[in-house]
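Engineer: I have a structure here, written as structure tokens, and I will follow up with some questions on it.
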Amino acid sequence: MTHNKVESNFLEQFKNLIESSKQIYITSHLSPDDDAISSTLALYHVLISKYPKKQIKIILSGKKDDRYQNFQHYAAVEFATDISGLIQSNSLLIMLDGNQYQRFTNRQQDLVDKNLHTICIDHHQGQIDEFDLVLSDTSSSSTAELIYLINQEYQSNPDFAYLILLGILGDTGTFNYITSQQTRVFDIVKNIINTTGIDIQTYKSQYNNISRRVFKVLKQYIKNTRFHSVAAWPKFSTS
């Protein structure tokens, strides 16, 4: 069943799937970004607190990025070439920040063959694949925002709020890309700041750095830069 907002019917179905599952996997899309990391860590934080006897794991297709090493639970993330090799049959797979299987795995059929129960929580436009339960709210700034709304009882938890902020800042470009439909995010961030006492610039300085790999690309880009002057054009550069 597909829902386009966080409502009681969705929350009841979400709870039922969680409580009826012994083995739960949380994942996000290939090459996870800030919102993917944020939403998976925040949901994991809630579930291990509420269901300490369940087997709950975060699995991601990709490589560990040391930028996130200071975030709680990041050390618990299992990375693999493809998530399909880590998931046991007849489990619950919660898929965040994507609405098509190809966003999560290059081996879609392998997942289908495992007879999984599936939950999709996402904020993107586009055709949605078949899942047991879907929350697709395109008015949301990020998937992290949806995880925040789903877990109302944790909104005053500083550790939870701290994780949520990463995804909101990432997908809004620190509030540069917010549409008129997404203004509720300002109230959420206000609550997060009041809960945690976070200074956003200090917060971002902990992870918003340039890796050596990216720095090498930028170095080559600068090295190859050429400046041009063409009649009737403003001056410009290419690399």
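By convention here, the chains of the structure tokens are called A, B, ... in the order presented, each chain's residues are numbered starting at 1, and ligands are numbered starting at 1 in the order presented.
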List the spatial neighbours of Asn90 in chain A as a list in words - criterion: any atom at most 7 Å away, only C-alpha atoms, same-chain residues fewer than 3 positions off excluded.
Structural biologist: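 Near Asn90 in chain A, the qualifying residues are Lys114, Asn115, Leu116 and His117 of chain A.
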Engineer: Save the residues we just selected, all heavy atoms, as an mmCIF file, in the first residue's frame?
Structural biologist:
data_model
loop_
_atom_site.group_PDB
_atom_site.id
_atom_site.type_symbol
_atom_site.label_atom_id
_atom_site.label_comp_id
_atom_site.auth_asym_id
_atom_site.auth_seq_id
_atom_site.Cartn_x
_atom_site.Cartn_y
_atom_site.Cartn_z
ATOM 1 N N LYS A 114 14.601 -13.763 -2.641
ATOM 2 C CA LYS A 114 14.739 -13.996 -1.199
ATOM 3 C C LYS A 114 13.413 -13.900 -0.443
ATOM 4 O O LYS A 114 13.378 -14.048 0.783
ATOM 5 C CB LYS A 114 15.748 -13.001 -0.608
ATOM 6 C CG LYS A 114 17.186 -13.236 -1.054
ATOM 7 C CD LYS A 114 18.123 -12.188 -0.474
ATOM 8 C CE LYS A 114 19.547 -12.364 -0.982
ATOM 9 N NZ LYS A 114 20.197 -13.570 -0.420
ATOM 10 N N ASN A 115 12.331 -13.617 -1.150
ATOM 11 C CA ASN A 115 10.996 -13.584 -0.533
ATOM 12 C C ASN A 115 10.962 -12.617 0.652
ATOM 13 O O ASN A 115 10.549 -12.975 1.762
ATOM 14 C CB ASN A 115 10.588 -14.997 -0.091
ATOM 15 C CG ASN A 115 9.114 -15.074 0.280
ATOM 16 O OD1 ASN A 115 8.275 -14.366 -0.288
ATOM 17 N ND2 ASN A 115 8.789 -15.920 1.253
ATOM 18 N N LEU A 116 11.376 -11.404 0.415
ATOM 19 C CA LEU A 116 11.477 -10.401 1.474
ATOM 20 C C LEU A 116 10.176 -9.642 1.656
ATOM 21 O O LEU A 116 9.407 -9.459 0.708
ATOM 22 C CB LEU A 116 12.591 -9.400 1.133
ATOM 23 C CG LEU A 116 13.993 -9.958 0.936
ATOM 24 C CD1 LEU A 116 14.907 -8.874 0.370
ATOM 25 C CD2 LEU A 116 14.559 -10.499 2.241
ATOM 26 N N HIS A 117 9.952 -9.148 2.879
ATOM 27 C CA HIS A 117 8.974 -8.092 3.103
ATOM 28 C C HIS A 117 9.712 -6.769 2.912
ATOM 29 O O HIS A 117 10.876 -6.634 3.314
ATOM 30 C CB HIS A 117 8.383 -8.184 4.509
ATOM 31 C CG HIS A 117 7.574 -9.423 4.735
ATOM 32 N ND1 HIS A 117 6.372 -9.648 4.106
ATOM 33 C CD2 HIS A 117 7.804 -10.507 5.513
ATOM 34 C CE1 HIS A 117 5.888 -10.809 4.483
ATOM 35 N NE2 HIS A 117 6.734 -11.368 5.333
#
Engineer: Write out as a VMD selection string all residues of range 120-216 of chain A that DSSP puts in strand (DSSP E or B) for this structure's backbone.
Structural biologist: chain A and resid 120 to 122 133 to 136
Engineer: Hey, can you spit out that residue selection with N, CA, C and O atoms as an mmCIF file, in the first residue's frame?
Structural biologist:
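For reference, again.cif as written:
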data_model
loop_
_atom_site.group_PDB
_atom_site.id
_atom_site.type_symbol
_atom_site.label_atom_id
_atom_site.label_comp_id
_atom_site.auth_asym_id
_atom_site.auth_seq_id
_atom_site.Cartn_x
_atom_site.Cartn_y
_atom_site.Cartn_z
ATOM 1 N N CYS A 120 9.353 0.935 1.645
ATOM 2 C CA CYS A 120 10.038 2.013 0.930
ATOM 3 C C CYS A 120 9.613 3.356 1.532
ATOM 4 O O CYS A 120 8.424 3.633 1.642
ATOM 5 N N ILE A 121 10.600 4.172 1.917
ATOM 6 C CA ILE A 121 10.334 5.526 2.409
ATOM 7 C C ILE A 121 11.184 6.478 1.581
ATOM 8 O O ILE A 121 12.410 6.377 1.561
ATOM 9 N N ASP A 122 10.521 7.419 0.891
ATOM 10 C CA ASP A 122 11.248 8.225 -0.088
ATOM 11 C C ASP A 122 10.535 9.557 -0.322
ATOM 12 O O ASP A 122 9.354 9.712 0.001
ATOM 13 N N LEU A 133 4.941 -1.875 1.605
ATOM 14 C CA LEU A 133 4.462 -0.622 2.190
ATOM 15 C C LEU A 133 5.325 0.514 1.666
ATOM 16 O O LEU A 133 6.558 0.408 1.652
ATOM 17 N N VAL A 134 4.670 1.594 1.242
ATOM 18 C CA VAL A 134 5.390 2.731 0.670
ATOM 19 C C VAL A 134 4.936 4.022 1.340
ATOM 20 O O VAL A 134 3.736 4.262 1.507
ATOM 21 N N LEU A 135 5.921 4.848 1.713
ATOM 22 C CA LEU A 135 5.664 6.245 2.064
ATOM 23 C C LEU A 135 6.415 7.081 1.048
ATOM 24 O O LEU A 135 7.648 7.096 1.026
ATOM 25 N N SER A 136 5.678 7.766 0.171
ATOM 26 C CA SER A 136 6.271 8.583 -0.876
ATOM 27 C C SER A 136 5.707 9.989 -0.774
ATOM 28 O O SER A 136 4.625 10.280 -1.274
#
Engineer: Find the residues of range 51-102 of chain A that sit at most 9 Å from range 38-41 of chain A; for each, write down the nearest two atoms and how far apart they are in Å, to one decimal. Count only C-alpha atoms. Sort by chain, then by number going up, and give it as a tab-separated table.
Structural biologist:
residue	atom	partner	partner_atom	distance
A:Ile58	CA	A:Thr40	CA	7.0
A:Phe71	CA	A:Leu41	CA	8.4
A:Gln72	CA	A:Leu41	CA	7.5
A:His73	CA	A:Leu41	CA	6.3
A:Tyr74	CA	A:Leu41	CA	6.9
A:Val77	CA	A:Leu41	CA	8.5
A:Met95	CA	A:Thr40	CA	8.9
A:Leu96	CA	A:Thr40	CA	7.1
A:Asp97	CA	A:Ser39	CA	8.0
Engineer: Check range 109-220 of chain A with DSSP on the backbone and list each residue it calls helix (DSSP H, G or I), as a PyMOL selection string.
Structural biologist: chain A and resi 109-112+143-150+152-154+158-172+180-182+184-196+200-205+212-220
Engineer: Which residues are near Lys64 in chain A? Cut-off 10 Å, only C-alpha atoms, ignore same chain within fewer than 3 positions. Put them as number ranges by chain.
Structural biologist: A: 31-32, 60-61, 67-69, 74-75, 77-80
Engineer: Which is closer to Gly173 in chain A than all the others in A:Ser239, A:Gln13, A:Ile48, A:Asn208, using only C-alpha atoms?
Structural biologist: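 Counting only C-alpha atoms, the residue closest to Gly173 in chain A is A:Asn208.
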Engineer: Record the distance separating CA of Thr183 in chain A and CA of Phe160 in chain A, expressed in Å with one decimal.
Structural biologist: 21.1 Å
Engineer: Which residues are close to Ser141 in chain A, i.e. within 8 Å by only C-alpha atoms, leaving aside same-chain residues fewer than 2 positions away? Reply as a list of chain:residue names.
Structural biologist: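 Listed by chain and then number, they are A:His123, A:Thr138, A:Ser139, A:Thr143, A:Glu145, A:Ile168, A:Asp171, A:Thr172, A:Ile178, A:Gln182, A:Val185.
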Engineer: For the selection just defined, write its residues with N, CA, C and O atoms to a file, as a JSON list (two decimals), in the first residue's frame.
Structural biologist:
[["chain", "number", "residue", "atom", "x", "y", "z"],
["A", 123, "HIS", "N", 11.26, 10.50, -0.93],
["A", 123, "HIS", "CA", 10.69, 11.82, -1.21],
["A", 123, "HIS", "C", 10.86, 12.22, -2.67],
["A", 123, "HIS", "O", 10.56, 13.36, -3.04],
["A", 138, "THR", "N", 6.53, 13.61, -1.81],
["A", 138, "THR", "CA", 7.39, 14.45, -2.64],
["A", 138, "THR", "C", 7.43, 15.89, -2.16],
["A", 138, "THR", "O", 8.19, 16.69, -2.69],
["A", 139, "SER", "N", 6.62, 16.23, -1.16],
["A", 139, "SER", "CA", 6.68, 17.58, -0.58],
["A", 139, "SER", "C", 7.72, 17.66, 0.53],
["A", 139, "SER", "O", 7.94, 18.73, 1.10],
["A", 143, "THR", "N", 14.52, 12.46, 2.85],
["A", 143, "THR", "CA", 14.03, 11.27, 3.54],
["A", 143, "THR", "C", 14.26, 11.39, 5.04],
["A", 143, "THR", "O", 13.45, 10.90, 5.84],
["A", 145, "GLU", "N", 13.81, 13.97, 6.81],
["A", 145, "GLU", "CA", 12.65, 14.67, 7.34],
["A", 145, "GLU", "C", 11.50, 13.71, 7.59],
["A", 145, "GLU", "O", 10.79, 13.81, 8.61],
["A", 168, "ILE", "N", 18.86, 16.67, 6.23],
["A", 168, "ILE", "CA", 18.15, 17.89, 5.86],
["A", 168, "ILE", "C", 19.11, 18.90, 5.25],
["A", 168, "ILE", "O", 18.83, 19.49, 4.19],
["A", 171, "ASP", "N", 20.27, 17.54, 1.61],
["A", 171, "ASP", "CA", 19.34, 17.57, 0.48],
["A", 171, "ASP", "C", 18.76, 18.96, 0.21],
["A", 171, "ASP", "O", 18.20, 19.18, -0.86],
["A", 172, "THR", "N", 18.87, 19.88, 1.16],
["A", 172, "THR", "CA", 18.42, 21.25, 0.89],
["A", 172, "THR", "C", 19.58, 22.16, 0.51],
["A", 172, "THR", "O", 19.37, 23.34, 0.23],
["A", 178, "ILE", "N", 14.96, 24.89, -1.25],
["A", 178, "ILE", "CA", 13.67, 24.60, -0.65],
["A", 178, "ILE", "C", 12.56, 25.25, -1.48],
["A", 178, "ILE", "O", 12.62, 26.44, -1.80],
["A", 182, "GLN", "N", 7.88, 22.91, 0.78],
["A", 182, "GLN", "CA", 8.77, 22.26, 1.74],
["A", 182, "GLN", "C", 9.08, 23.12, 2.97],
["A", 182, "GLN", "O", 10.00, 22.81, 3.72],
["A", 185, "VAL", "N", 10.07, 22.29, 6.81],
["A", 185, "VAL", "CA", 11.41, 21.90, 7.25],
["A", 185, "VAL", "C", 12.02, 22.95, 8.17],
["A", 185, "VAL", "O", 12.83, 22.63, 9.05]]
Engineer: Write out as a list in words the residues lying within 12 Å of Phe14 in chain A, counting only C-alpha atoms and excluding same-chain residues fewer than 5 positions away.
Structural biologist: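 What passes the distance filter is Met1, Thr2, His3, Val6, Glu7, Ser8, Asn9, Glu19, Ser20, Ser21, Leu47, Leu92, Leu93, Ile94, His117, Thr118, Ile119, Cys120, Ile121, Asp132, Leu133, Val134, Leu135, Ile147, Ile150 and Asn151 of chain A.
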